[in-house]
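Q: Take this structure first; my questions come after.
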Amino acid sequence: MRDTPTLQRANLLHPAIRQEVIDSITKIETNTFPQTVKIRIVQGLRTIDEQNGLFAQGRTKPGSIVTNAKGGSSYHNYGLAFDFVLMYDKDNNGTYEALSWDVNYDFDNDGVKDWQEVVQPFKALGYTWGGDFKSIPDSPHLEKTFGHNWRDLLAKYNNKDFIPGTSYVML
Ligand SMILES: [Zn+2]
């Protein structure tokens with residue numbers, strides 16, 4: 001993991017996936033991509049209050065609708081989801097350009113889309129990819145549910161069924 005904001009966000013993920021995410025990103029960056037590609041986590045843990053603020057946007061607050069998930073109904077609210085993008089140093093001069101959401105790009109020309117080179121190893125570890133969502137596909141999104149739907153997790157949260165000393169629910 002070569003990107004500082006990514007490490008900071010990864011460190012706020014649920015302890016059940018934190019190290020796995022860090023290790024997997026490091027492995028993909030090292031073994032799959034050229035040195036000139038980095039993976040960035042743009043969103044990890046989003047508290048229930050933050051989620052309710054987003055839900056209000058375009059409904060009871062100004063702006064356009066950005067989410068259909070109320071507080072508690074997103075795996076982000078439990079630190080069990082993250083959103084990633086890719087960053088490329090196309091000139092190999094140490095300058096990484098703006099974040100890339102291009103899911104079809106194949107920078108390393110190996111016949112596999114770069115996006116899938118991130119998604120597939122996570123799917124193999126039991127993560128669900130947002131690009132497979134039927135209602136609103138969400139390509140940057142990966143989540144690991146451990147067999148819990150969000151209502152189970154919200155009930156645990158409301159019961160303060162937390163890992164001791166934390167606000168992360170017991171799985
Ligand atoms: Zn997400």
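Residues in the structure tokens are named by chain (A, B, ... in the order shown) and by number from 1 within that chain; ligands are numbered from 1 in the order shown.
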List all protein, DNA and RNA residues that have at least one atom no more than 8 Å from any atom of ligand 1, counting only C-alpha atoms and all ligand atoms, and write them as a VMD selection string.
A: chain A and resid 43 to 44 74 to 76 81 to 83 130 138 140 to 143
Q: Okay, now the selection with N, CA and C atoms, as a compact mmCIF listing (two decimals), in the first residue's frame?
A:
# COMPACT_ATOMS: atom_id res chain seq x y z
N GLN A 43 -13.21 6.10 0.07
CA GLN A 43 -14.21 6.12 1.13
C GLN A 43 -14.16 4.77 1.84
N GLY A 44 -14.15 4.83 3.17
CA GLY A 44 -14.16 3.58 3.92
C GLY A 44 -15.29 3.64 4.93
N SER A 74 -26.01 0.85 5.07
CA SER A 74 -24.85 0.67 4.19
C SER A 74 -23.75 -0.05 4.98
N TYR A 75 -23.05 -0.95 4.34
CA TYR A 75 -21.95 -1.65 5.02
C TYR A 75 -20.81 -0.68 5.35
N HIS A 76 -20.79 0.45 4.67
CA HIS A 76 -19.81 1.49 5.04
C HIS A 76 -20.00 1.92 6.50
N ALA A 81 -17.14 -1.89 4.24
CA ALA A 81 -17.13 -1.59 2.81
C ALA A 81 -16.13 -0.49 2.53
N PHE A 82 -15.61 -0.51 1.34
CA PHE A 82 -14.76 0.62 0.91
C PHE A 82 -14.95 0.83 -0.58
N ASP A 83 -14.64 2.05 -1.01
CA ASP A 83 -14.70 2.41 -2.43
C ASP A 83 -13.29 2.74 -2.88
N GLY A 130 -19.77 -3.96 -5.90
CA GLY A 130 -20.90 -3.10 -6.23
C GLY A 130 -21.26 -3.10 -7.70
N ASP A 138 -22.45 -0.02 -8.65
CA ASP A 138 -21.56 0.90 -7.95
C ASP A 138 -20.14 0.34 -8.09
N PRO A 140 -16.97 1.32 -7.85
CA PRO A 140 -15.85 1.44 -6.91
C PRO A 140 -16.02 0.65 -5.62
N HIS A 141 -17.21 0.09 -5.40
CA HIS A 141 -17.59 -0.41 -4.08
C HIS A 141 -17.29 -1.90 -3.89
N LEU A 142 -16.69 -2.22 -2.75
CA LEU A 142 -16.48 -3.61 -2.33
C LEU A 142 -16.91 -3.72 -0.87
N GLU A 143 -17.60 -4.79 -0.54
CA GLU A 143 -18.05 -4.98 0.84
C GLU A 143 -17.94 -6.45 1.22
Q: What's the 9 Å shell around A:Arg2, counting only C-alpha atoms, without same-chain residues fewer than 4 positions away, as an NGL selection string?
A: :A and (6-7 or 26 or 29 or 38-40)
Q: Filtering to N, CA and C atoms, could you give me those residues as a PDB file, in the first residue's frame?
A:
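Wrote again18.pdb, looks like this:
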ATOM      1  N   THR A   6      -4.913   6.287   1.615  1.00  0.00           N
ATOM      2  CA  THR A   6      -5.477   4.936   1.564  1.00  0.00           C
ATOM      3  C   THR A   6      -5.184   4.186   2.859  1.00  0.00           C
ATOM      4  N   LEU A   7      -3.983   4.317   3.354  1.00  0.00           N
ATOM      5  CA  LEU A   7      -3.619   3.637   4.601  1.00  0.00           C
ATOM      6  C   LEU A   7      -4.439   4.209   5.760  1.00  0.00           C
ATOM      7  N   THR A  26      -1.768  -4.149  -1.158  1.00  0.00           N
ATOM      8  CA  THR A  26      -0.308  -4.190  -1.298  1.00  0.00           C
ATOM      9  C   THR A  26       0.110  -5.266  -2.307  1.00  0.00           C
ATOM     10  N   GLU A  29      -0.817  -4.213  -5.895  1.00  0.00           N
ATOM     11  CA  GLU A  29       0.102  -3.163  -6.367  1.00  0.00           C
ATOM     12  C   GLU A  29       1.484  -3.737  -6.679  1.00  0.00           C
ATOM     13  N   LYS A  38      -1.326   3.051  -8.700  1.00  0.00           N
ATOM     14  CA  LYS A  38      -1.663   2.955  -7.277  1.00  0.00           C
ATOM     15  C   LYS A  38      -3.162   2.790  -7.124  1.00  0.00           C
ATOM     16  N   ILE A  39      -3.522   2.096  -6.052  1.00  0.00           N
ATOM     17  CA  ILE A  39      -4.932   1.953  -5.685  1.00  0.00           C
ATOM     18  C   ILE A  39      -5.209   2.938  -4.559  1.00  0.00           C
ATOM     19  N   ARG A  40      -6.267   3.717  -4.680  1.00  0.00           N
ATOM     20  CA  ARG A  40      -6.655   4.622  -3.592  1.00  0.00           C
ATOM     21  C   ARG A  40      -8.031   4.242  -3.055  1.00  0.00           C
TER      22      ARG A  40
END
Q: Go through stretch 7-51 of chain A and flag each residue having an atom no more than 12 Å from stretch 107-110 of chain A; for those, report the closest pair of atoms plus their distance in Å to one decimal, using only C-alpha atoms, ordered by chain and rising number, as CSV.
A:
residue,atom,partner,partner_atom,distance
A:Glu29,CA,A:Asp108,CA,11.9
A:Thr32,CA,A:Asp108,CA,9.0
A:Phe33,CA,A:Asp108,CA,6.9
A:Pro34,CA,A:Asp108,CA,6.9
A:Gln35,CA,A:Asp108,CA,10.3
A:Thr36,CA,A:Asp108,CA,9.6
A:Val37,CA,A:Phe107,CA,8.6
A:Lys38,CA,A:Phe107,CA,11.7
Q: Just the selected residues (C-alpha atoms), exported as an mmCIF file, in the first residue's frame, please.
A:
data_model
loop_
_atom_site.group_PDB
_atom_site.id
_atom_site.type_symbol
_atom_site.label_atom_id
_atom_site.label_comp_id
_atom_site.auth_asym_id
_atom_site.auth_seq_id
_atom_site.Cartn_x
_atom_site.Cartn_y
_atom_site.Cartn_z
ATOM 1 C CA GLU A 29 0.102 -3.163 -6.367
ATOM 2 C CA THR A 32 -0.193 -7.288 -10.596
ATOM 3 C CA PHE A 33 0.385 -3.680 -11.547
ATOM 4 C CA PRO A 34 3.438 -1.806 -12.789
ATOM 5 C CA GLN A 35 5.012 0.484 -10.168
ATOM 6 C CA THR A 36 3.217 3.376 -11.882
ATOM 7 C CA VAL A 37 -0.271 2.324 -10.759
ATOM 8 C CA LYS A 38 -1.663 2.955 -7.277
#
Q: So, with only C-alpha atoms as the atoms that count, which of A:Val42, A:Ile48, A:Ala69, A:Ala98 lies closest to A:Tyr168?
A: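 Of A:Val42, A:Ile48, A:Ala69, A:Ala98, the one nearest A:Tyr168 is A:Ile48, counting only C-alpha atoms.
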Q: Mind checking DSSP for chain A and telling me the strand (DSSP E) residues as a list of chain:residue names?
A: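 Everything in chain A that counts as strand (DSSP E) is A:Val37, A:Lys38, A:Ile39, A:Arg40, A:Ile41, A:Val42, A:Gln43, A:Ala81, A:Phe82, A:Asp83, A:Phe84, A:Val85, A:Leu86, A:Met87, A:Tyr88, A:Thr128, A:Trp129, A:His141, A:Leu142, A:Glu143.
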Q: From stretch 31-138 of chain A, collect each residue whose DSSP state is alpha helix (DSSP H) and return the set as an mmCIF file with N, CA and C atoms, in the first residue's frame.
A:
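Here's the written file part29.cif:
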data_model
loop_
_atom_site.group_PDB
_atom_site.id
_atom_site.type_symbol
_atom_site.label_atom_id
_atom_site.label_comp_id
_atom_site.auth_asym_id
_atom_site.auth_seq_id
_atom_site.Cartn_x
_atom_site.Cartn_y
_atom_site.Cartn_z
ATOM 1 N N ILE A 48 -22.980 6.409 10.898
ATOM 2 C CA ILE A 48 -24.423 6.452 10.656
ATOM 3 C C ILE A 48 -24.893 7.901 10.543
ATOM 4 N N ASP A 49 -24.347 8.794 11.364
ATOM 5 C CA ASP A 49 -24.701 10.216 11.257
ATOM 6 C C ASP A 49 -24.290 10.785 9.898
ATOM 7 N N GLU A 50 -23.090 10.449 9.468
ATOM 8 C CA GLU A 50 -22.638 10.930 8.152
ATOM 9 C C GLU A 50 -23.539 10.386 7.041
ATOM 10 N N GLN A 51 -23.924 9.111 7.180
ATOM 11 C CA GLN A 51 -24.793 8.498 6.177
ATOM 12 C C GLN A 51 -26.161 9.197 6.145
ATOM 13 N N ASN A 52 -26.707 9.524 7.308
ATOM 14 C CA ASN A 52 -27.996 10.221 7.348
ATOM 15 C C ASN A 52 -27.884 11.600 6.704
ATOM 16 N N GLY A 53 -26.738 12.256 6.881
ATOM 17 C CA GLY A 53 -26.509 13.540 6.226
ATOM 18 C C GLY A 53 -26.522 13.399 4.716
ATOM 19 N N LEU A 54 -25.879 12.337 4.217
ATOM 20 C CA LEU A 54 -25.861 12.087 2.770
ATOM 21 C C LEU A 54 -27.265 11.759 2.256
ATOM 22 N N PHE A 55 -27.993 10.980 3.038
ATOM 23 C CA PHE A 55 -29.342 10.575 2.619
ATOM 24 C C PHE A 55 -30.264 11.795 2.508
ATOM 25 N N ALA A 56 -30.055 12.763 3.417
ATOM 26 C CA ALA A 56 -30.904 13.968 3.423
ATOM 27 C C ALA A 56 -30.656 14.833 2.182
ATOM 28 N N ASP A 114 -7.849 -3.220 -15.721
ATOM 29 C CA ASP A 114 -7.192 -2.936 -14.436
ATOM 30 C C ASP A 114 -8.192 -3.020 -13.276
ATOM 31 N N TRP A 115 -9.395 -2.496 -13.541
ATOM 32 C CA TRP A 115 -10.425 -2.495 -12.489
ATOM 33 C C TRP A 115 -10.686 -3.913 -11.998
ATOM 34 N N GLN A 116 -10.754 -4.843 -12.971
ATOM 35 C CA GLN A 116 -11.025 -6.240 -12.603
ATOM 36 C C GLN A 116 -9.835 -6.873 -11.893
ATOM 37 N N GLU A 117 -8.658 -6.338 -12.127
ATOM 38 C CA GLU A 117 -7.479 -6.877 -11.434
ATOM 39 C C GLU A 117 -7.510 -6.535 -9.952
ATOM 40 N N VAL A 118 -8.334 -5.545 -9.598
ATOM 41 C CA VAL A 118 -8.566 -5.242 -8.189
ATOM 42 C C VAL A 118 -9.778 -6.037 -7.685
ATOM 43 N N VAL A 119 -10.839 -6.003 -8.471
ATOM 44 C CA VAL A 119 -12.111 -6.612 -8.037
ATOM 45 C C VAL A 119 -11.977 -8.129 -7.837
ATOM 46 N N GLN A 120 -11.353 -8.804 -8.797
ATOM 47 C CA GLN A 120 -11.363 -10.284 -8.757
ATOM 48 C C GLN A 120 -10.698 -10.865 -7.514
ATOM 49 N N PRO A 121 -9.523 -10.382 -7.116
ATOM 50 C CA PRO A 121 -8.917 -10.956 -5.897
ATOM 51 C C PRO A 121 -9.779 -10.730 -4.654
ATOM 52 N N PHE A 122 -10.481 -9.590 -4.606
ATOM 53 C CA PHE A 122 -11.360 -9.357 -3.455
ATOM 54 C C PHE A 122 -12.579 -10.280 -3.505
ATOM 55 N N LYS A 123 -13.118 -10.495 -4.694
ATOM 56 C CA LYS A 123 -14.239 -11.431 -4.793
ATOM 57 C C LYS A 123 -13.808 -12.823 -4.335
ATOM 58 N N ALA A 124 -12.591 -13.190 -4.671
ATOM 59 C CA ALA A 124 -12.073 -14.502 -4.260
ATOM 60 C C ALA A 124 -11.973 -14.616 -2.743
#
Q: Which residue gives the smallest distance to A:Ser135 among A:Ala155, A:Asn68, A:Ile41, A:Met170, with only C-alpha atoms counted?
A: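 Among the listed residues, A:Asn68 lies closest to A:Ser135.
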